[in-house]
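One structure is given below, encoded as C-alpha cells.
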Amino acid sequence: MSIHISAKPGEIADKILLPGDPLRAKFIAENFLENPVLFNEVRGMLGYTGTYKGHRVSVMGTGMGMPSISIYAHELITEYGVKRLIRVGTAGSTSKDVHVRELVLAQAAATTSAIIRNDWPEFDFPQIASFKLLDKAYHIAKELGMTTHVGSVLSADLFYSDFFDKIIKLGSMGIKAVEMEAAALYYLAAKHQVEALGIMTISDNLTNPEEDTTAQERQTTFTDMMTVGLETLISE
Ligand code: HPA
C-alpha cells in the first residue's frame, strides 16, 4: 500500500477514471462496471476496480483541488503503475458561449497554483492534455450528440474567489471554464510520461448565474460524461 491508498500491488488497473467526489466513484463502479471490487477506503476516498466492456478499469475519487488530486495521482502513477488517467468533473463556465450541461474537454490548463511555478520558476510550463485522449473523447462525445467545447480551462486554487471579474476576463480571452484540478493532473502526467485528460460538465455559469439545470438534466449529463470518460479510457 502507499501512504494514502490501501490497495495491494495489482489491485488497481492501469487505466483510471477520476471523479472529485468519492461517492461518484461508487456510483460509477456500481452502475457502469462489471464485478467492481473496492480497493481503497482510506479517508473515505473510495476506489474500485472492475471491467467495462471486458476491459479492466479502475475509478477513484480525488477530492477537491490540486493538492488533493496531486497526492492520489502521484501514488497511482508511481506506486501502482497507472498509465492513463481521466478526470471527470464539473466546472464553471467563464464564457457566454459555454452553457450549463455542455461538455468541456480541457485541451490545456492555466493555473493560479504555485505547484508548477515552484518547480519551474523560470518557465511558464504549459499544462496540456494527451492529444490522443482528447481526439478520442471529442469524437466519442460528438457521436453521443453532446455539445462539446475544446479549449483551455483555468485550474484555480480558490472556489470562492474575490476575482471573478478577472476570471471572466480570461473567459473573453478563450479560457472556457474554471475548475480546480486539471493543471496538476497534466503536470504529473508530463512529469511521469503518462496520459491524462480532463473532461468537465458545466455545472454553473459565472457570466450568467441565472443559468440552471434540473436534477434530472444534471443526472443525464453526468451519465453521458461517464460514458465519454469510460469509452475514452478503453480506447486503443
Ligand atoms: N469554480 C471552480 N470550480 C468549479 C466551479 C467554479 O465555479 N464550478 C464547478 N467547479
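Residue names in the C-alpha cells use chain letters A, B, ... in the order shown, residue numbers from 1 in each chain, and ligand numbers from 1 in the order shown.
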
Inset, instruction - Fewer than 5 positions away in the same chain doesn't count, so skip those; otherwise give me all residues within 10 Å of Thr232 of chain A, counting only C-alpha atoms, as a PyMOL selection string. - result: chain A and resi 17+84+86+132-141+197+226-227

Under the rule of at most 12 Å, produce a per-residue listing of segment 78-141 of chain A near segment 43-59 of chain A: chain, number, name, the closest pair of atoms, and the distance in Å, as CSV, using only C-alpha atoms.
residue,atom,partner,partner_atom,distance
A:Tyr80,CA,A:Ser58,CA,11.5
A:Val82,CA,A:Ser58,CA,9.6
A:Lys83,CA,A:Val57,CA,11.3
A:Arg84,CA,A:Val57,CA,9.9
A:Leu85,CA,A:Val59,CA,9.5
A:Ile86,CA,A:Val59,CA,9.4
A:Arg87,CA,A:Val59,CA,9.8
A:Val88,CA,A:Val59,CA,10.2

Legend entry - Selection within 9 Å of ligand 1 by only C-alpha atoms and all ligand atoms, output as a count of residues only: 28

As an mmCIF file with C-alpha atoms, in the first residue's frame, list the residues of chain A assigned to alpha helix (DSSP H) by DSSP on the backbone atoms of this structure.
data_model
loop_
_atom_site.group_PDB
_atom_site.id
_atom_site.type_symbol
_atom_site.label_atom_id
_atom_site.label_comp_id
_atom_site.auth_asym_id
_atom_site.auth_seq_id
_atom_site.Cartn_x
_atom_site.Cartn_y
_atom_site.Cartn_z
ATOM 1 C CA PRO A 22 -15.674 9.567 -3.895
ATOM 2 C CA LEU A 23 -19.430 8.860 -3.864
ATOM 3 C CA ARG A 24 -19.438 9.448 -7.606
ATOM 4 C CA ALA A 25 -16.674 6.848 -7.866
ATOM 5 C CA LYS A 26 -19.012 4.458 -6.017
ATOM 6 C CA PHE A 27 -21.899 5.383 -8.325
ATOM 7 C CA ILE A 28 -19.783 4.776 -11.428
ATOM 8 C CA ALA A 29 -18.483 1.456 -10.084
ATOM 9 C CA GLU A 30 -21.996 0.252 -9.219
ATOM 10 C CA ASN A 31 -23.696 1.459 -12.402
ATOM 11 C CA PHE A 32 -21.074 1.168 -15.150
ATOM 12 C CA MET A 66 -4.750 20.443 -6.808
ATOM 13 C CA PRO A 67 -3.017 19.389 -3.556
ATOM 14 C CA SER A 68 -5.538 16.576 -3.144
ATOM 15 C CA ILE A 69 -5.525 15.264 -6.734
ATOM 16 C CA SER A 70 -1.709 15.523 -6.755
ATOM 17 C CA ILE A 71 -1.387 13.131 -3.831
ATOM 18 C CA TYR A 72 -3.621 10.492 -5.416
ATOM 19 C CA ALA A 73 -2.320 10.879 -8.987
ATOM 20 C CA HIS A 74 1.295 10.697 -7.779
ATOM 21 C CA GLU A 75 0.712 7.488 -5.823
ATOM 22 C CA LEU A 76 -1.407 5.918 -8.587
ATOM 23 C CA ILE A 77 1.318 6.589 -11.157
ATOM 24 C CA THR A 78 4.479 5.944 -9.165
ATOM 25 C CA GLU A 79 3.328 3.146 -6.823
ATOM 26 C CA TYR A 80 0.601 1.377 -8.807
ATOM 27 C CA ILE A 115 2.747 23.847 -7.645
ATOM 28 C CA ILE A 116 4.262 24.062 -11.124
ATOM 29 C CA ARG A 117 5.804 27.510 -10.711
ATOM 30 C CA ASN A 118 7.686 26.287 -7.627
ATOM 31 C CA ASP A 119 9.311 23.502 -9.667
ATOM 32 C CA PHE A 131 -3.788 14.744 -27.701
ATOM 33 C CA LYS A 132 -4.639 11.109 -28.353
ATOM 34 C CA LEU A 133 -7.165 11.014 -25.497
ATOM 35 C CA LEU A 134 -8.503 14.451 -26.405
ATOM 36 C CA ASP A 135 -9.083 13.417 -30.001
ATOM 37 C CA LYS A 136 -10.823 10.180 -28.932
ATOM 38 C CA ALA A 137 -13.012 11.907 -26.350
ATOM 39 C CA TYR A 138 -14.033 14.596 -28.826
ATOM 40 C CA HIS A 139 -15.215 12.093 -31.404
ATOM 41 C CA ILE A 140 -16.961 9.904 -28.810
ATOM 42 C CA ALA A 141 -18.801 12.935 -27.356
ATOM 43 C CA LYS A 142 -19.810 14.129 -30.820
ATOM 44 C CA GLU A 143 -21.153 10.692 -31.676
ATOM 45 C CA PHE A 164 -14.471 36.650 -10.559
ATOM 46 C CA ASP A 165 -14.148 39.703 -12.809
ATOM 47 C CA LYS A 166 -10.615 38.627 -13.735
ATOM 48 C CA ILE A 167 -11.747 35.063 -14.350
ATOM 49 C CA ILE A 168 -14.489 36.337 -16.659
ATOM 50 C CA LYS A 169 -11.872 38.483 -18.417
ATOM 51 C CA LEU A 170 -9.876 35.284 -19.007
ATOM 52 C CA GLY A 171 -13.085 33.868 -20.454
ATOM 53 C CA SER A 172 -13.129 36.657 -23.003
ATOM 54 C CA ALA A 182 -6.690 19.658 -14.333
ATOM 55 C CA ALA A 183 -3.395 21.606 -14.302
ATOM 56 C CA ALA A 184 -1.879 19.483 -11.530
ATOM 57 C CA LEU A 185 -3.014 16.266 -13.210
ATOM 58 C CA TYR A 186 -1.491 17.348 -16.530
ATOM 59 C CA TYR A 187 1.728 18.371 -14.806
ATOM 60 C CA LEU A 188 2.122 14.977 -13.116
ATOM 61 C CA ALA A 189 1.292 13.224 -16.386
ATOM 62 C CA ALA A 190 4.047 15.202 -18.146
ATOM 63 C CA LYS A 191 6.491 14.571 -15.318
ATOM 64 C CA HIS A 192 5.911 10.809 -15.352
ATOM 65 C CA ALA A 215 -31.706 17.414 -11.103
ATOM 66 C CA GLN A 216 -32.816 15.108 -13.931
ATOM 67 C CA GLU A 217 -30.861 17.117 -16.519
ATOM 68 C CA ARG A 218 -27.774 17.045 -14.320
ATOM 69 C CA GLN A 219 -28.067 13.276 -13.922
ATOM 70 C CA THR A 220 -28.393 12.743 -17.696
ATOM 71 C CA THR A 221 -25.385 14.945 -18.434
ATOM 72 C CA PHE A 222 -23.399 13.211 -15.724
ATOM 73 C CA THR A 223 -24.226 9.797 -17.206
ATOM 74 C CA ASP A 224 -23.190 10.959 -20.691
ATOM 75 C CA MET A 225 -19.884 12.289 -19.334
ATOM 76 C CA MET A 226 -19.136 8.930 -17.675
ATOM 77 C CA THR A 227 -19.754 7.191 -20.978
ATOM 78 C CA VAL A 228 -17.346 9.560 -22.746
ATOM 79 C CA GLY A 229 -14.789 9.019 -19.964
ATOM 80 C CA LEU A 230 -15.051 5.223 -19.936
ATOM 81 C CA GLU A 231 -15.100 4.846 -23.736
ATOM 82 C CA THR A 232 -12.024 7.091 -23.978
ATOM 83 C CA LEU A 233 -10.337 5.172 -21.171
#

Legend entry - Residues near Val150 of chain A, cut-off 7 Å, only C-alpha atoms, skip fewer than 4 positions along chain, as a ChimeraX atom specification: /A:104-107

Inset, instruction - Using backbone DSSP assignments, extract all strand (DSSP E) residues from segment 64-202 of chain A; output them as a ChimeraX atom specification. - result: /A:84-93,103-111,148-155,175-179,195-202

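With only C-alpha atoms as the atoms that count, the residue of A:Glu102, A:Val42, A:Ser130, A:Gly61 with the shortest distance to Glu195 of chain A is A:Ser130.
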